[in-house]
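A.B. asks: What follows is a structure written as structure tokens; I'll ask about it next.
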Amino acid sequence: MIPPGETIGILGGGQLGRMLAMAAAQLGYRCHIYAPEADSVAAEVSAQFTCAGWDNAAAMARFAADCAVVTYEFENVPVGPLAALGETPLLAHPRALQTAQDRLSEKRFVEGLGGRPAPFASVDMPIDLAKAVARIGAPGILKTRRDGYDGKGQWRISAGTDLAALDLPNVPLIYEGFVTFDAEFSVILCRGADGDIRYWDSAENVHVGGILALSTVPASTAIGAQVAEARALSARVAEALDYVGVLTLEFFATADGPVFNEMAPRVHNSGHWTIEGALTSQFENHVRAICGLPLGDTALAARGVEMKNLIGDDIHDWARILADPCNHLHLYGKAAARPGRKMGHVTRLTL
Ligand code: AMP
């Protein structure tokens, strides 16, 4: 067990790290952020900051020497350089990073555990695309296998798309059949060091332009009927990875049951509602899990919860949002409000 007072290292310097560090501080831990970008919103609320590249082994080793345990808030941290962490434990295990960083390995892994993703085909070079579309059909979505997030690195393909005219990067891609879904939802669980698994209620998630816009709990009945199956799969994923901490799996609720979309080996945007809406937040339970503490209760703290993302210029609405005393406003402290950038979120409880 890592007692309060010790230092937790966090790889990645964004808003997820910021909210983890705030939860860690509540439990009396210090946080040390490691990130390549100088303007880290996680570092602003943490005791220590190492600003260095992922492949800077000397900086990574110095960082590890200051930390009792290391975790990550960004799933695209390159795995190779993490060897420089030496004896300092890294949780969740980097095999979760390795699996989730590549959409192809992620889908194969989850399929091997009985999950059902959309039909998919690997497109190693742009010229393979026509074959993939012929096999799976259109509409579909072409995605980069690595480094895509918030709808970046994705191309919608319809029956009329001129495949040869697409301006595609020369990186491995994956083509997925388009899923006709009733709704989208996520399973967020926390697995303790002793194997204890707790689930938060599944939120119904609405994406706009590939970016999460809204999470609502309780979810609609179409989702409610599919949560048990999705949770059972998520538990198999967590156990197969010997996972410790918060793990998220995203699903489409379809007429044929839950279709797996993707997983994130970390706290997740669709769980931000848990800060006020659950007895223990995803951030606090992640800290408890990686420090070997007992997990807190994940039950709902209200009849219902709604979490709305503030994206780009939405942040300029902060004064209007605060004028309603029922709104819980979270701003991430980012300097520039670029289009598509997550700047904050607002949570409302139905009591
Ligand atoms: P992703 O980055 O893969 O999670 O995609 C972002 C969002 O795009 C998802 O949450 C869905 O709203 C939509 N999307 C992605 N893949 C598919 C698919 N195969 N079929 C239908 N919608 C999709």
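Chain identifiers are assigned as A, B, and so on, following the order in which chains appear in the structure tokens; residues are numbered from 1 within each chain, and ligands are numbered from 1 in order of appearance.
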Leu20 of chain A: which residues within 9 Å, counting only C-alpha atoms, same-chain residues fewer than 2 positions away excluded, as a PyMOL selection string?
C.D. replies: chain A and resi 10+15-18+22-25+31+42+73+267+282-284+286-287
A.B. asks: As a quick test: using only C-alpha atoms and all ligand atoms, which residues lie no more than 9 Å away from ligand 1? Give them as a PDB file with N, CA and C atoms, in the first residue's frame.
C.D. replies:
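After the write, part.pdb holds the following:
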ATOM      1  N   ARG A 103      -5.901   0.387 -32.900  1.00  0.00           N
ATOM      2  CA  ARG A 103      -7.302  -0.010 -33.038  1.00  0.00           C
ATOM      3  C   ARG A 103      -7.442  -1.458 -33.518  1.00  0.00           C
ATOM      4  N   PRO A 117     -17.014  -6.305 -32.150  1.00  0.00           N
ATOM      5  CA  PRO A 117     -16.830  -4.990 -32.760  1.00  0.00           C
ATOM      6  C   PRO A 117     -17.558  -4.906 -34.094  1.00  0.00           C
ATOM      7  N   ALA A 118     -17.612  -3.723 -34.687  1.00  0.00           N
ATOM      8  CA  ALA A 118     -18.113  -3.579 -36.060  1.00  0.00           C
ATOM      9  C   ALA A 118     -17.192  -4.393 -36.966  1.00  0.00           C
ATOM     10  N   PRO A 119     -17.701  -4.874 -38.135  1.00  0.00           N
ATOM     11  CA  PRO A 119     -16.792  -5.578 -39.051  1.00  0.00           C
ATOM     12  C   PRO A 119     -15.618  -4.672 -39.418  1.00  0.00           C
ATOM     13  N   PHE A 120     -14.406  -5.222 -39.444  1.00  0.00           N
ATOM     14  CA  PHE A 120     -13.240  -4.361 -39.697  1.00  0.00           C
ATOM     15  C   PHE A 120     -12.234  -5.055 -40.599  1.00  0.00           C
ATOM     16  N   PRO A 139     -21.959   2.264 -46.126  1.00  0.00           N
ATOM     17  CA  PRO A 139     -21.002   3.204 -45.516  1.00  0.00           C
ATOM     18  C   PRO A 139     -20.082   2.547 -44.481  1.00  0.00           C
ATOM     19  N   GLY A 140     -18.993   3.273 -44.235  1.00  0.00           N
ATOM     20  CA  GLY A 140     -18.045   2.830 -43.232  1.00  0.00           C
ATOM     21  C   GLY A 140     -17.175   3.995 -42.821  1.00  0.00           C
ATOM     22  N   ILE A 141     -16.260   3.716 -41.905  1.00  0.00           N
ATOM     23  CA  ILE A 141     -15.345   4.768 -41.447  1.00  0.00           C
ATOM     24  C   ILE A 141     -13.925   4.226 -41.531  1.00  0.00           C
ATOM     25  N   LEU A 142     -13.069   5.012 -42.179  1.00  0.00           N
ATOM     26  CA  LEU A 142     -11.652   4.682 -42.254  1.00  0.00           C
ATOM     27  C   LEU A 142     -10.971   5.464 -41.138  1.00  0.00           C
ATOM     28  N   LYS A 143     -10.142   4.760 -40.351  1.00  0.00           N
ATOM     29  CA  LYS A 143      -9.491   5.425 -39.204  1.00  0.00           C
ATOM     30  C   LYS A 143      -8.007   5.099 -39.207  1.00  0.00           C
ATOM     31  N   GLY A 148      -5.273   8.422 -33.170  1.00  0.00           N
ATOM     32  CA  GLY A 148      -6.501   9.167 -33.454  1.00  0.00           C
ATOM     33  C   GLY A 148      -7.253   9.423 -32.146  1.00  0.00           C
ATOM     34  N   TYR A 149      -7.897  10.539 -32.027  1.00  0.00           N
ATOM     35  CA  TYR A 149      -8.771  10.788 -30.878  1.00  0.00           C
ATOM     36  C   TYR A 149      -9.741  11.889 -31.259  1.00  0.00           C
ATOM     37  N   ASP A 150     -10.880  11.926 -30.547  1.00  0.00           N
ATOM     38  CA  ASP A 150     -11.894  12.965 -30.784  1.00  0.00           C
ATOM     39  C   ASP A 150     -12.203  13.135 -32.278  1.00  0.00           C
ATOM     40  N   GLY A 151     -12.338  12.025 -32.988  1.00  0.00           N
ATOM     41  CA  GLY A 151     -12.735  12.080 -34.397  1.00  0.00           C
ATOM     42  C   GLY A 151     -11.608  12.484 -35.340  1.00  0.00           C
ATOM     43  N   LYS A 152     -10.391  12.690 -34.793  1.00  0.00           N
ATOM     44  CA  LYS A 152      -9.268  13.057 -35.671  1.00  0.00           C
ATOM     45  C   LYS A 152      -8.730  11.780 -36.314  1.00  0.00           C
ATOM     46  N   GLY A 153      -8.233  11.900 -37.548  1.00  0.00           N
ATOM     47  CA  GLY A 153      -7.712  10.722 -38.240  1.00  0.00           C
ATOM     48  C   GLY A 153      -8.829   9.791 -38.668  1.00  0.00           C
ATOM     49  N   GLN A 154      -9.992  10.351 -39.076  1.00  0.00           N
ATOM     50  CA  GLN A 154     -11.126   9.521 -39.514  1.00  0.00           C
ATOM     51  C   GLN A 154     -11.726  10.088 -40.798  1.00  0.00           C
ATOM     52  N   TYR A 175     -10.420  -0.047 -41.655  1.00  0.00           N
ATOM     53  CA  TYR A 175     -11.727   0.318 -42.184  1.00  0.00           C
ATOM     54  C   TYR A 175     -12.784  -0.426 -41.378  1.00  0.00           C
ATOM     55  N   GLU A 176     -13.787   0.308 -40.916  1.00  0.00           N
ATOM     56  CA  GLU A 176     -14.866  -0.297 -40.112  1.00  0.00           C
ATOM     57  C   GLU A 176     -16.193  -0.078 -40.796  1.00  0.00           C
ATOM     58  N   GLY A 177     -17.039  -1.094 -40.769  1.00  0.00           N
ATOM     59  CA  GLY A 177     -18.403  -0.911 -41.246  1.00  0.00           C
ATOM     60  C   GLY A 177     -19.128   0.073 -40.338  1.00  0.00           C
ATOM     61  N   PHE A 178     -20.031   0.854 -40.928  1.00  0.00           N
ATOM     62  CA  PHE A 178     -20.780   1.838 -40.137  1.00  0.00           C
ATOM     63  C   PHE A 178     -21.853   1.110 -39.335  1.00  0.00           C
ATOM     64  N   VAL A 179     -21.889   1.344 -38.041  1.00  0.00           N
ATOM     65  CA  VAL A 179     -22.849   0.668 -37.152  1.00  0.00           C
ATOM     66  C   VAL A 179     -24.112   1.525 -37.038  1.00  0.00           C
ATOM     67  N   THR A 180     -25.258   0.895 -37.303  1.00  0.00           N
ATOM     68  CA  THR A 180     -26.524   1.595 -37.063  1.00  0.00           C
ATOM     69  C   THR A 180     -26.888   1.366 -35.612  1.00  0.00           C
ATOM     70  N   PHE A 181     -26.808   2.429 -34.819  1.00  0.00           N
ATOM     71  CA  PHE A 181     -27.034   2.241 -33.383  1.00  0.00           C
ATOM     72  C   PHE A 181     -28.204   3.075 -32.885  1.00  0.00           C
ATOM     73  N   ALA A 183     -28.115   4.123 -29.640  1.00  0.00           N
ATOM     74  CA  ALA A 183     -27.483   5.054 -28.704  1.00  0.00           C
ATOM     75  C   ALA A 183     -26.057   4.586 -28.450  1.00  0.00           C
ATOM     76  N   GLU A 184     -25.289   5.445 -27.814  1.00  0.00           N
ATOM     77  CA  GLU A 184     -23.923   5.077 -27.431  1.00  0.00           C
ATOM     78  C   GLU A 184     -23.815   5.127 -25.910  1.00  0.00           C
ATOM     79  N   PHE A 185     -23.004   4.220 -25.361  1.00  0.00           N
ATOM     80  CA  PHE A 185     -22.782   4.243 -23.916  1.00  0.00           C
ATOM     81  C   PHE A 185     -21.391   3.743 -23.584  1.00  0.00           C
ATOM     82  N   ASN A 205     -24.052   8.457 -24.056  1.00  0.00           N
ATOM     83  CA  ASN A 205     -23.142   9.466 -24.594  1.00  0.00           C
ATOM     84  C   ASN A 205     -23.585   9.933 -25.969  1.00  0.00           C
ATOM     85  N   VAL A 206     -23.581  11.240 -26.169  1.00  0.00           N
ATOM     86  CA  VAL A 206     -23.889  11.796 -27.490  1.00  0.00           C
ATOM     87  C   VAL A 206     -22.628  12.466 -28.010  1.00  0.00           C
ATOM     88  N   HIS A 207     -22.195  12.047 -29.208  1.00  0.00           N
ATOM     89  CA  HIS A 207     -21.014  12.639 -29.844  1.00  0.00           C
ATOM     90  C   HIS A 207     -21.455  13.566 -30.971  1.00  0.00           C
ATOM     91  N   VAL A 208     -20.766  14.652 -31.133  1.00  0.00           N
ATOM     92  CA  VAL A 208     -21.014  15.543 -32.269  1.00  0.00           C
ATOM     93  C   VAL A 208     -19.675  15.707 -32.979  1.00  0.00           C
ATOM     94  N   GLY A 209     -19.659  15.326 -34.246  1.00  0.00           N
ATOM     95  CA  GLY A 209     -18.414  15.428 -35.018  1.00  0.00           C
ATOM     96  C   GLY A 209     -17.305  14.580 -34.414  1.00  0.00           C
ATOM     97  N   GLY A 210     -17.669  13.419 -33.833  1.00  0.00           N
ATOM     98  CA  GLY A 210     -16.657  12.511 -33.272  1.00  0.00           C
ATOM     99  C   GLY A 210     -16.193  12.917 -31.878  1.00  0.00           C
ATOM    100  N   ILE A 211     -16.714  14.014 -31.330  1.00  0.00           N
ATOM    101  CA  ILE A 211     -16.290  14.477 -29.997  1.00  0.00           C
ATOM    102  C   ILE A 211     -17.459  14.323 -29.032  1.00  0.00           C
ATOM    103  N   LEU A 212     -17.179  13.825 -27.822  1.00  0.00           N
ATOM    104  CA  LEU A 212     -18.247  13.694 -26.822  1.00  0.00           C
ATOM    105  C   LEU A 212     -18.831  15.075 -26.519  1.00  0.00           C
ATOM    106  N   GLU A 250     -16.162   1.684 -24.652  1.00  0.00           N
ATOM    107  CA  GLU A 250     -17.273   2.389 -25.295  1.00  0.00           C
ATOM    108  C   GLU A 250     -18.026   1.419 -26.205  1.00  0.00           C
ATOM    109  N   PHE A 251     -19.357   1.550 -26.182  1.00  0.00           N
ATOM    110  CA  PHE A 251     -20.224   0.630 -26.932  1.00  0.00           C
ATOM    111  C   PHE A 251     -21.280   1.386 -27.722  1.00  0.00           C
ATOM    112  N   PHE A 252     -21.746   0.724 -28.790  1.00  0.00           N
ATOM    113  CA  PHE A 252     -22.953   1.146 -29.489  1.00  0.00           C
ATOM    114  C   PHE A 252     -24.076   0.216 -29.027  1.00  0.00           C
ATOM    115  N   ASN A 261     -16.938  -0.483 -29.399  1.00  0.00           N
ATOM    116  CA  ASN A 261     -16.283   0.514 -30.251  1.00  0.00           C
ATOM    117  C   ASN A 261     -14.803   0.632 -29.911  1.00  0.00           C
ATOM    118  N   GLU A 262     -14.490   1.114 -28.719  1.00  0.00           N
ATOM    119  CA  GLU A 262     -13.070   1.216 -28.369  1.00  0.00           C
ATOM    120  C   GLU A 262     -12.897   1.233 -26.864  1.00  0.00           C
ATOM    121  N   MET A 263     -11.638   1.039 -26.438  1.00  0.00           N
ATOM    122  CA  MET A 263     -11.371   1.086 -25.007  1.00  0.00           C
ATOM    123  C   MET A 263     -10.335   2.147 -24.701  1.00  0.00           C
TER     124      MET A 263
END
A.B. asks: Can you list every residue in segment 84-315 of chain A that DSSP puts in strand (DSSP E or B), as an MDAnalysis selection string?
C.D. replies: chainID A and resid 90 117 120:123 140:144 154:157 173:177 183:191 197:199 204:208 211:217 245:254 257:264 278 300 304:311
A.B. asks: How would the residues just chosen look if you wrote them out with C-alpha atoms as a compact mmCIF listing (two decimals), in the first residue's frame?
C.D. replies:
# COMPACT_ATOMS: atom_id res chain seq x y z
CA LEU A 90 3.53 1.59 -13.52
CA PRO A 117 -16.83 -4.99 -32.76
CA PHE A 120 -13.24 -4.36 -39.70
CA ALA A 121 -10.34 -4.77 -42.10
CA SER A 122 -6.75 -3.67 -41.79
CA VAL A 123 -5.69 -1.22 -44.52
CA GLY A 140 -18.04 2.83 -43.23
CA ILE A 141 -15.35 4.77 -41.45
CA LEU A 142 -11.65 4.68 -42.25
CA LYS A 143 -9.49 5.42 -39.20
CA THR A 144 -5.79 5.67 -38.47
CA GLN A 154 -11.13 9.52 -39.51
CA TRP A 155 -12.78 9.57 -42.94
CA ARG A 156 -16.42 8.69 -43.60
CA ILE A 157 -16.80 6.50 -46.68
CA LEU A 173 -5.34 2.34 -41.24
CA ILE A 174 -8.41 0.33 -40.35
CA TYR A 175 -11.73 0.32 -42.18
CA GLU A 176 -14.87 -0.30 -40.11
CA GLY A 177 -18.40 -0.91 -41.25
CA ALA A 183 -27.48 5.05 -28.70
CA GLU A 184 -23.92 5.08 -27.43
CA PHE A 185 -22.78 4.24 -23.92
CA SER A 186 -19.68 3.53 -21.91
CA VAL A 187 -18.80 1.09 -19.17
CA ILE A 188 -16.39 2.63 -16.68
CA LEU A 189 -15.02 0.31 -14.05
CA CYS A 190 -12.33 0.42 -11.44
CA ARG A 191 -10.36 -2.69 -10.55
CA ILE A 197 -14.21 -4.51 -9.52
CA ARG A 198 -16.65 -1.60 -9.12
CA TYR A 199 -18.77 -0.14 -11.95
CA GLU A 204 -25.62 7.56 -22.44
CA ASN A 205 -23.14 9.47 -24.59
CA VAL A 206 -23.89 11.80 -27.49
CA HIS A 207 -21.01 12.64 -29.84
CA VAL A 208 -21.01 15.54 -32.27
CA ILE A 211 -16.29 14.48 -30.00
CA LEU A 212 -18.25 13.69 -26.82
CA ALA A 213 -20.84 16.43 -26.30
CA LEU A 214 -23.13 15.08 -23.59
CA SER A 215 -23.27 12.23 -21.04
CA THR A 216 -26.53 11.47 -19.25
CA VAL A 217 -27.29 9.10 -16.36
CA GLY A 245 -7.23 1.37 -11.97
CA VAL A 246 -10.04 2.87 -14.04
CA LEU A 247 -10.78 1.29 -17.43
CA THR A 248 -13.34 2.47 -19.98
CA LEU A 249 -15.01 0.58 -22.82
CA GLU A 250 -17.27 2.39 -25.29
CA PHE A 251 -20.22 0.63 -26.93
CA PHE A 252 -22.95 1.15 -29.49
CA ALA A 253 -26.37 -0.06 -28.31
CA THR A 254 -27.83 -1.80 -31.37
CA GLY A 257 -26.97 -6.01 -28.51
CA PRO A 258 -23.84 -4.10 -27.51
CA VAL A 259 -21.23 -3.55 -30.23
CA PHE A 260 -17.75 -2.72 -28.90
CA ASN A 261 -16.28 0.51 -30.25
CA GLU A 262 -13.07 1.22 -28.37
CA MET A 263 -11.37 1.09 -25.01
CA ALA A 264 -9.39 3.63 -23.03
CA ALA A 278 -21.35 9.46 -7.72
CA LEU A 300 -25.18 7.39 -7.84
CA GLY A 304 -29.91 11.74 -12.45
CA VAL A 305 -26.84 13.52 -13.78
CA GLU A 306 -26.05 15.39 -16.97
CA MET A 307 -22.52 16.36 -18.05
CA LYS A 308 -22.04 18.74 -20.94
CA ASN A 309 -18.62 19.37 -22.49
CA LEU A 310 -17.51 22.93 -23.12
CA ILE A 311 -15.76 22.76 -26.47
A.B. asks: Any idea what's packed within 10 Å of Ala130 of chain A, counting only C-alpha atoms, ignoring anything in its chain fewer than 5 positions away? Could you give it as JSON, numbers by chain?
C.D. replies: {"A": [123, 135, 137, 162, 163, 164]}
A.B. asks: Selection from above, N, CA, C and O atoms, as a PDB file, in the first residue's frame, can you write it?
C.D. replies:
ATOM      1  N   VAL A 123      -6.065  -1.858 -43.239  1.00  0.00           N
ATOM      2  CA  VAL A 123      -5.689  -1.216 -44.515  1.00  0.00           C
ATOM      3  C   VAL A 123      -4.252  -0.736 -44.322  1.00  0.00           C
ATOM      4  O   VAL A 123      -4.005   0.344 -43.780  1.00  0.00           O
ATOM      5  N   ARG A 135     -15.188  -5.838 -49.353  1.00  0.00           N
ATOM      6  CA  ARG A 135     -15.511  -6.940 -48.439  1.00  0.00           C
ATOM      7  C   ARG A 135     -16.574  -6.530 -47.409  1.00  0.00           C
ATOM      8  O   ARG A 135     -17.541  -7.254 -47.189  1.00  0.00           O
ATOM      9  N   GLY A 137     -18.310  -3.437 -47.257  1.00  0.00           N
ATOM     10  CA  GLY A 137     -19.399  -2.614 -47.776  1.00  0.00           C
ATOM     11  C   GLY A 137     -19.305  -1.182 -47.280  1.00  0.00           C
ATOM     12  O   GLY A 137     -18.493  -0.857 -46.406  1.00  0.00           O
ATOM     13  N   ASP A 162     -15.149   8.611 -53.906  1.00  0.00           N
ATOM     14  CA  ASP A 162     -14.061   8.301 -54.837  1.00  0.00           C
ATOM     15  C   ASP A 162     -12.827   7.970 -53.995  1.00  0.00           C
ATOM     16  O   ASP A 162     -12.134   8.860 -53.502  1.00  0.00           O
ATOM     17  N   LEU A 163     -12.576   6.659 -53.802  1.00  0.00           N
ATOM     18  CA  LEU A 163     -11.523   6.239 -52.866  1.00  0.00           C
ATOM     19  C   LEU A 163     -10.150   6.738 -53.304  1.00  0.00           C
ATOM     20  O   LEU A 163      -9.313   7.119 -52.481  1.00  0.00           O
ATOM     21  N   ALA A 164      -9.937   6.752 -54.614  1.00  0.00           N
ATOM     22  CA  ALA A 164      -8.618   7.143 -55.122  1.00  0.00           C
ATOM     23  C   ALA A 164      -8.349   8.628 -54.871  1.00  0.00           C
ATOM     24  O   ALA A 164      -7.193   9.052 -54.817  1.00  0.00           O
TER      25      ALA A 164
END
A.B. asks: When you draw a straight line from atom CA of Ser202 of chain A to atom CA of Arg108 of chain A, how long is it in Å?
C.D. replies: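 Answer for the atom CA of Ser202 of chain A to atom CA of Arg108 of chain A separation: 23.8 Å.
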A.B. asks: In Å to one decimal, how far is atom CA of Ile2 of chain A from atom CA of Trp54 of chain A?
C.D. replies: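 Here the two named atoms are 25.4 Å from each other.
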A.B. asks: Looking only at helix (DSSP H, G or I) from DSSP on the backbone, list the matching residues of segment 79-199 of chain A as a ChimeraX atom specification.
C.D. replies: /A:80-85,94-100,103-112,126-136,163-165
A.B. asks: Quick one: residues within 7 Å of Met1 of chain A, only C-alpha atoms, excluding same-chain residues fewer than 5 positions away - as a PyMOL selection string?
C.D. replies: chain A and resi 291-293
A.B. asks: Please, what distance in Å, to one decimal, runs between atom CA of Ala100 of chain A and atom CA of Arg146 of chain A?
C.D. replies: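 Distance between the two atoms: 9.0 Å.
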A.B. asks: Name all residues at most 12 Å from Asp313 of chain A (count only C-alpha atoms; drop same-chain ones fewer than 4 positions away) and give them as an MDAnalysis selection string.
C.D. replies: chainID A and resid 309 317:318 334:344
